[in-house]
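Data block for query.cif (mmCIF, C-alpha atoms):
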data_run
loop_
_atom_site.label_atom_id
_atom_site.label_comp_id
_atom_site.auth_asym_id
_atom_site.auth_seq_id
_atom_site.Cartn_x
_atom_site.Cartn_y
_atom_site.Cartn_z
CA MET A 23 17.69 2.14 -102.30
CA PRO A 24 16.27 4.21 -99.41
CA TYR A 25 16.43 1.07 -97.25
CA PHE A 26 20.19 0.79 -97.73
CA ILE A 27 20.69 4.52 -97.11
CA ALA A 28 18.72 4.28 -93.85
CA ALA A 29 20.67 1.17 -92.82
CA ALA A 30 23.96 2.93 -93.60
CA ALA A 31 22.90 5.97 -91.54
CA LEU A 32 22.03 3.75 -88.57
CA VAL A 33 25.36 1.91 -88.89
CA ALA A 34 27.15 5.29 -88.94
CA LEU A 35 25.28 6.39 -85.80
CA ASP A 36 26.11 3.09 -84.08
CA GLN A 37 29.79 3.35 -84.96
CA LEU A 38 29.97 7.02 -83.93
CA VAL A 39 28.48 6.29 -80.49
CA LYS A 40 30.81 3.30 -80.04
CA PHE A 41 33.84 5.39 -81.06
CA LEU A 42 32.91 8.16 -78.63
CA VAL A 43 32.48 5.66 -75.80
CA ARG A 44 35.79 3.88 -76.52
CA SER A 45 37.56 7.26 -76.74
CA ASN A 46 36.07 8.93 -73.68
CA ILE A 47 35.02 6.33 -71.12
CA PRO A 48 37.51 3.97 -69.48
CA LEU A 49 36.64 0.27 -69.69
CA TYR A 50 33.96 -0.71 -67.11
CA GLU A 51 33.55 2.90 -65.93
CA CYS A 52 30.09 4.50 -65.65
CA VAL A 53 29.11 8.00 -66.70
CA PRO A 54 25.66 9.36 -65.80
CA PHE A 55 23.49 9.74 -68.90
CA ILE A 56 19.77 9.93 -68.07
CA PRO A 57 19.26 10.25 -64.28
CA HIS A 58 17.45 7.29 -62.70
CA VAL A 59 17.11 5.64 -66.12
CA MET A 60 20.44 4.96 -67.82
CA ASP A 61 24.20 5.27 -67.47
CA LEU A 62 26.89 4.96 -70.11
CA THR A 63 29.17 2.06 -69.16
CA TYR A 64 31.93 0.93 -71.51
CA VAL A 65 31.83 -2.87 -71.82
CA GLN A 66 33.54 -5.16 -74.33
CA ASN A 67 31.23 -8.07 -75.17
CA THR A 68 32.92 -11.06 -76.82
CA GLY A 69 29.64 -12.97 -76.98
CA ALA A 70 26.16 -12.42 -78.33
CA ALA A 71 23.11 -10.99 -76.54
CA PHE A 72 23.40 -11.22 -72.75
CA SER A 73 27.01 -12.41 -73.31
CA ILE A 74 25.90 -15.89 -74.38
CA LEU A 75 28.58 -17.71 -76.37
CA GLU A 76 31.18 -15.53 -74.66
CA GLU A 77 34.66 -15.83 -76.19
CA HIS A 78 33.20 -17.20 -79.47
CA THR A 79 33.73 -13.99 -81.42
CA TRP A 80 34.81 -15.49 -84.75
CA PRO A 81 31.88 -17.91 -85.13
CA LEU A 82 29.58 -15.02 -84.20
CA THR A 83 31.37 -12.85 -86.77
CA LEU A 84 30.68 -15.43 -89.48
CA VAL A 85 27.03 -15.72 -88.44
CA SER A 86 26.68 -11.91 -88.42
CA ALA A 87 28.23 -11.73 -91.89
CA ALA A 88 25.91 -14.43 -93.25
CA ILE A 89 22.84 -12.75 -91.77
CA SER A 90 23.93 -9.37 -93.12
CA VAL A 91 24.41 -10.75 -96.63
CA ALA A 92 21.08 -12.61 -96.48
CA LEU A 93 19.21 -9.49 -95.34
CA ALA A 94 20.87 -7.36 -98.02
CA VAL A 95 19.90 -9.87 -100.72
CA ILE A 96 16.33 -10.14 -99.38
CA LEU A 97 16.01 -6.35 -99.50
CA ALA A 98 17.64 -5.96 -102.92
CA LYS A 99 15.68 -8.79 -104.58
CA LYS A 100 12.41 -7.99 -102.75
CA TRP A 101 12.17 -11.56 -101.45
CA ILE A 102 9.74 -12.42 -98.67
CA VAL A 103 8.30 -8.89 -98.51
CA ASN A 104 7.69 -6.23 -101.09
CA HIS A 105 5.69 -3.72 -99.06
CA PRO A 106 7.63 -0.90 -97.38
CA ALA A 107 6.02 -1.72 -94.02
CA GLY A 108 7.83 -5.06 -94.15
CA ARG A 109 11.04 -3.85 -95.76
CA TRP A 110 11.82 -1.03 -93.31
CA PRO A 111 12.14 -3.39 -90.33
CA LEU A 112 14.49 -5.60 -92.36
CA ALA A 113 16.66 -2.56 -93.13
CA VAL A 114 16.82 -1.72 -89.42
CA ILE A 115 17.79 -5.32 -88.55
CA LEU A 116 20.44 -5.17 -91.29
CA ALA A 117 21.87 -2.01 -89.71
CA GLY A 118 22.13 -3.70 -86.34
CA ALA A 119 23.74 -6.82 -87.76
CA VAL A 120 26.31 -4.79 -89.71
CA GLY A 121 27.02 -2.47 -86.76
CA ASN A 122 27.95 -5.36 -84.49
CA LEU A 123 29.70 -7.20 -87.35
CA ILE A 124 32.07 -4.26 -87.79
CA ASP A 125 33.01 -4.36 -84.11
CA ARG A 126 33.56 -8.13 -84.09
CA ALA A 127 35.67 -8.05 -87.25
CA LEU A 128 37.80 -5.02 -86.26
CA PHE A 129 38.16 -5.44 -82.51
CA GLY A 130 37.21 -9.02 -81.60
CA PHE A 131 34.42 -7.73 -79.34
CA VAL A 132 31.27 -5.61 -79.52
CA THR A 133 31.30 -2.25 -77.76
CA ASP A 134 28.30 -1.94 -75.43
CA MET A 135 27.45 1.15 -73.42
CA PHE A 136 23.81 1.62 -72.41
CA ARG A 137 23.17 0.33 -68.88
CA THR A 138 19.72 0.73 -67.38
CA THR A 139 19.67 1.89 -63.77
CA PHE A 140 15.98 1.36 -63.02
CA ILE A 141 16.15 -2.41 -63.70
CA SER A 142 18.95 -4.93 -63.92
CA PHE A 143 19.47 -5.62 -67.62
CA ALA A 144 22.32 -6.42 -69.98
CA VAL A 145 24.44 -3.53 -71.27
CA PHE A 146 23.57 -2.86 -74.93
CA ASN A 147 24.33 -0.57 -77.89
CA VAL A 148 22.65 1.19 -80.82
CA ALA A 149 23.03 -1.88 -83.07
CA ASP A 150 21.28 -4.02 -80.46
CA ILE A 151 18.43 -1.52 -80.34
CA CYS A 152 18.15 -1.78 -84.14
CA VAL A 153 18.02 -5.58 -84.07
CA VAL A 154 15.39 -5.66 -81.32
CA LEU A 155 13.14 -2.91 -82.69
CA GLY A 156 13.48 -4.16 -86.27
CA GLY A 157 12.77 -7.73 -85.19
CA ILE A 158 9.69 -6.79 -83.18
CA SER A 159 8.43 -4.57 -86.01
CA PHE A 160 8.92 -7.31 -88.59
CA CYS A 161 7.12 -9.87 -86.40
CA ILE A 162 4.18 -7.48 -85.99
CA TYR A 163 4.13 -6.81 -89.73
CA TYR A 164 4.27 -10.49 -90.61
CA ALA A 165 1.69 -11.57 -88.02
CA LEU A 166 -0.83 -8.78 -88.55
CA PHE A 167 -0.32 -7.18 -91.95
CA TYR A 168 1.52 -9.52 -94.32
CA GLU A 169 -1.57 -11.18 -95.78
CA LYS A 170 -3.40 -7.85 -96.13
CA LEU A 171 -0.55 -5.90 -97.69
CA GLU A 172 0.96 -8.58 -99.90
CA PRO A 173 -1.94 -10.71 -101.23
CA LYS A 174 -0.78 -10.33 -104.84
CA LYS A 175 2.57 -11.92 -104.03
CA GLN A 176 0.85 -14.88 -102.35
CA ALA A 177 -1.51 -15.33 -105.32
CA GLU A 178 1.46 -15.33 -107.71
CA ASP A 179 3.25 -17.92 -105.58
CA GLN A 180 0.18 -20.17 -105.56
CA THR A 181 -0.28 -20.03 -109.33
CA ALA A 182 3.43 -20.70 -109.89
CA ASN A 183 3.43 -23.66 -107.48
CA PRO A 184 -0.06 -25.24 -107.51
CA SER A 185 -0.57 -27.86 -104.81
#
Kindly transcribe the structure held in the file into structure tokens.
Amino acid sequence: MPYFIAAAALVALDQLVKFLVRSNIPLYECVPFIPHVMDLTYVQNTGAAFSILEEHTWPLTLVSAAISVALAVILAKKWIVNHPAGRWPLAVILAGAVGNLIDRALFGFVTDMFRTTFISFAVFNVADICVVLGGISFCIYYALFYEKLEPKKQAEDQTANPS
């Protein structure tokens, strides 16, 4: 349950930031945010990361919905991971998927706003940050800690399905 509460809080934060940007910054306009680091720039992204699959909003909406449902089921049923160190990253990824799903379903685009000024990079949003940080965290967990923190689960799987 705490995983879904945290995901809901992150979705609320994402939607609040997006609402404030849509309400206060004209499309494609920049507002200084963190000097020499980041500006707020209102962009409408009809594609996925880095605007790939641009203008394919509805297929991306369906994929986002499927991923969101899959992640929610994995968290609720404790599939794949049972340890909190593996479940928290999945909750963060879920928040990002749902945050961008809401935009795609309601507006036909994802609201992006964070534009780095110290390097040339794609404009992104809170949901994107959740997907990236959650994804990296889960990969680290799975690569370095999964076998140490979930050996009982692996032993149960091996006895249930002997080779």
Residue with the minimum atom-to-atom distance to A:Leu38, picked from A:Thr63, A:Asp125, A:Lys170, A:Ser159 with all atoms listed in the file counted, is A:Asp125
Expected selection from the PyMOL selection byres ((chain A and resi 139-152) around 7), given as a list in words:
Asp36, His58, Val59, Met60, Asp61, Phe72, Val114, Ile115, Ala117, Gly118, Ala119, Gly121, Asn122, Asp134, Met135, Phe136, Arg137, Thr138, Val153, Val154, Leu155 and Gly156 of chain A
Mind pulling up the distance from atom CA of A:Ile158 to atom CA of A:Arg126?
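Pair atom CA of A:Arg126 / atom CA of A:Ile158 returns 23.9 Å.
Residue selection for this entry, given the PyMOL selection byres ((chain A and resi 81-97) around 6), comprises His78, Thr79, Trp80, Ala98, Lys99, Lys100, Trp101, Leu116, Ala119, Leu123 and Arg126 of chain A.
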One decimal, in Å: what's the spacing between atom CA of A:Tyr168 and atom CA of A:Pro106?
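The value is 11.0 Å.
Going from atom CA of A:Val65 over to atom CA of A:Phe160, you cover 28.7 Å.
Among A:Tyr64, A:Gly157, A:Gly69, A:Trp110, the residue with the shortest atom-to-atom distance to A:Lys40, counting all atoms listed in the file, is A:Tyr64.
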Just give me the residues with any atom within 6 Å of (33.7, -9.3, -78.0), file coordinates, counting all atoms listed in the file, written as a PyMOL selection string.
chain A and resi 66-69+79+130-132
Go ahead and save the picked residues with C-alpha atoms, as a PDB file, in the coordinates of the input.
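Final file, part_27.pdb:
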ATOM      1  CA  GLN A  66      33.540  -5.160 -74.330  1.00  0.00           C
ATOM      2  CA  ASN A  67      31.230  -8.070 -75.170  1.00  0.00           C
ATOM      3  CA  THR A  68      32.920 -11.060 -76.820  1.00  0.00           C
ATOM      4  CA  GLY A  69      29.640 -12.970 -76.980  1.00  0.00           C
ATOM      5  CA  THR A  79      33.730 -13.990 -81.420  1.00  0.00           C
ATOM      6  CA  GLY A 130      37.210  -9.020 -81.600  1.00  0.00           C
ATOM      7  CA  PHE A 131      34.420  -7.730 -79.340  1.00  0.00           C
ATOM      8  CA  VAL A 132      31.270  -5.610 -79.520  1.00  0.00           C
TER       9      VAL A 132
END
Smallest atom-to-atom distance to A:Phe129: which of A:Arg44, A:Val39, A:Ala30, A:Leu166, using only C-alpha atoms?
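The shortest atom-to-atom distance to A:Phe129 comes from A:Arg44.
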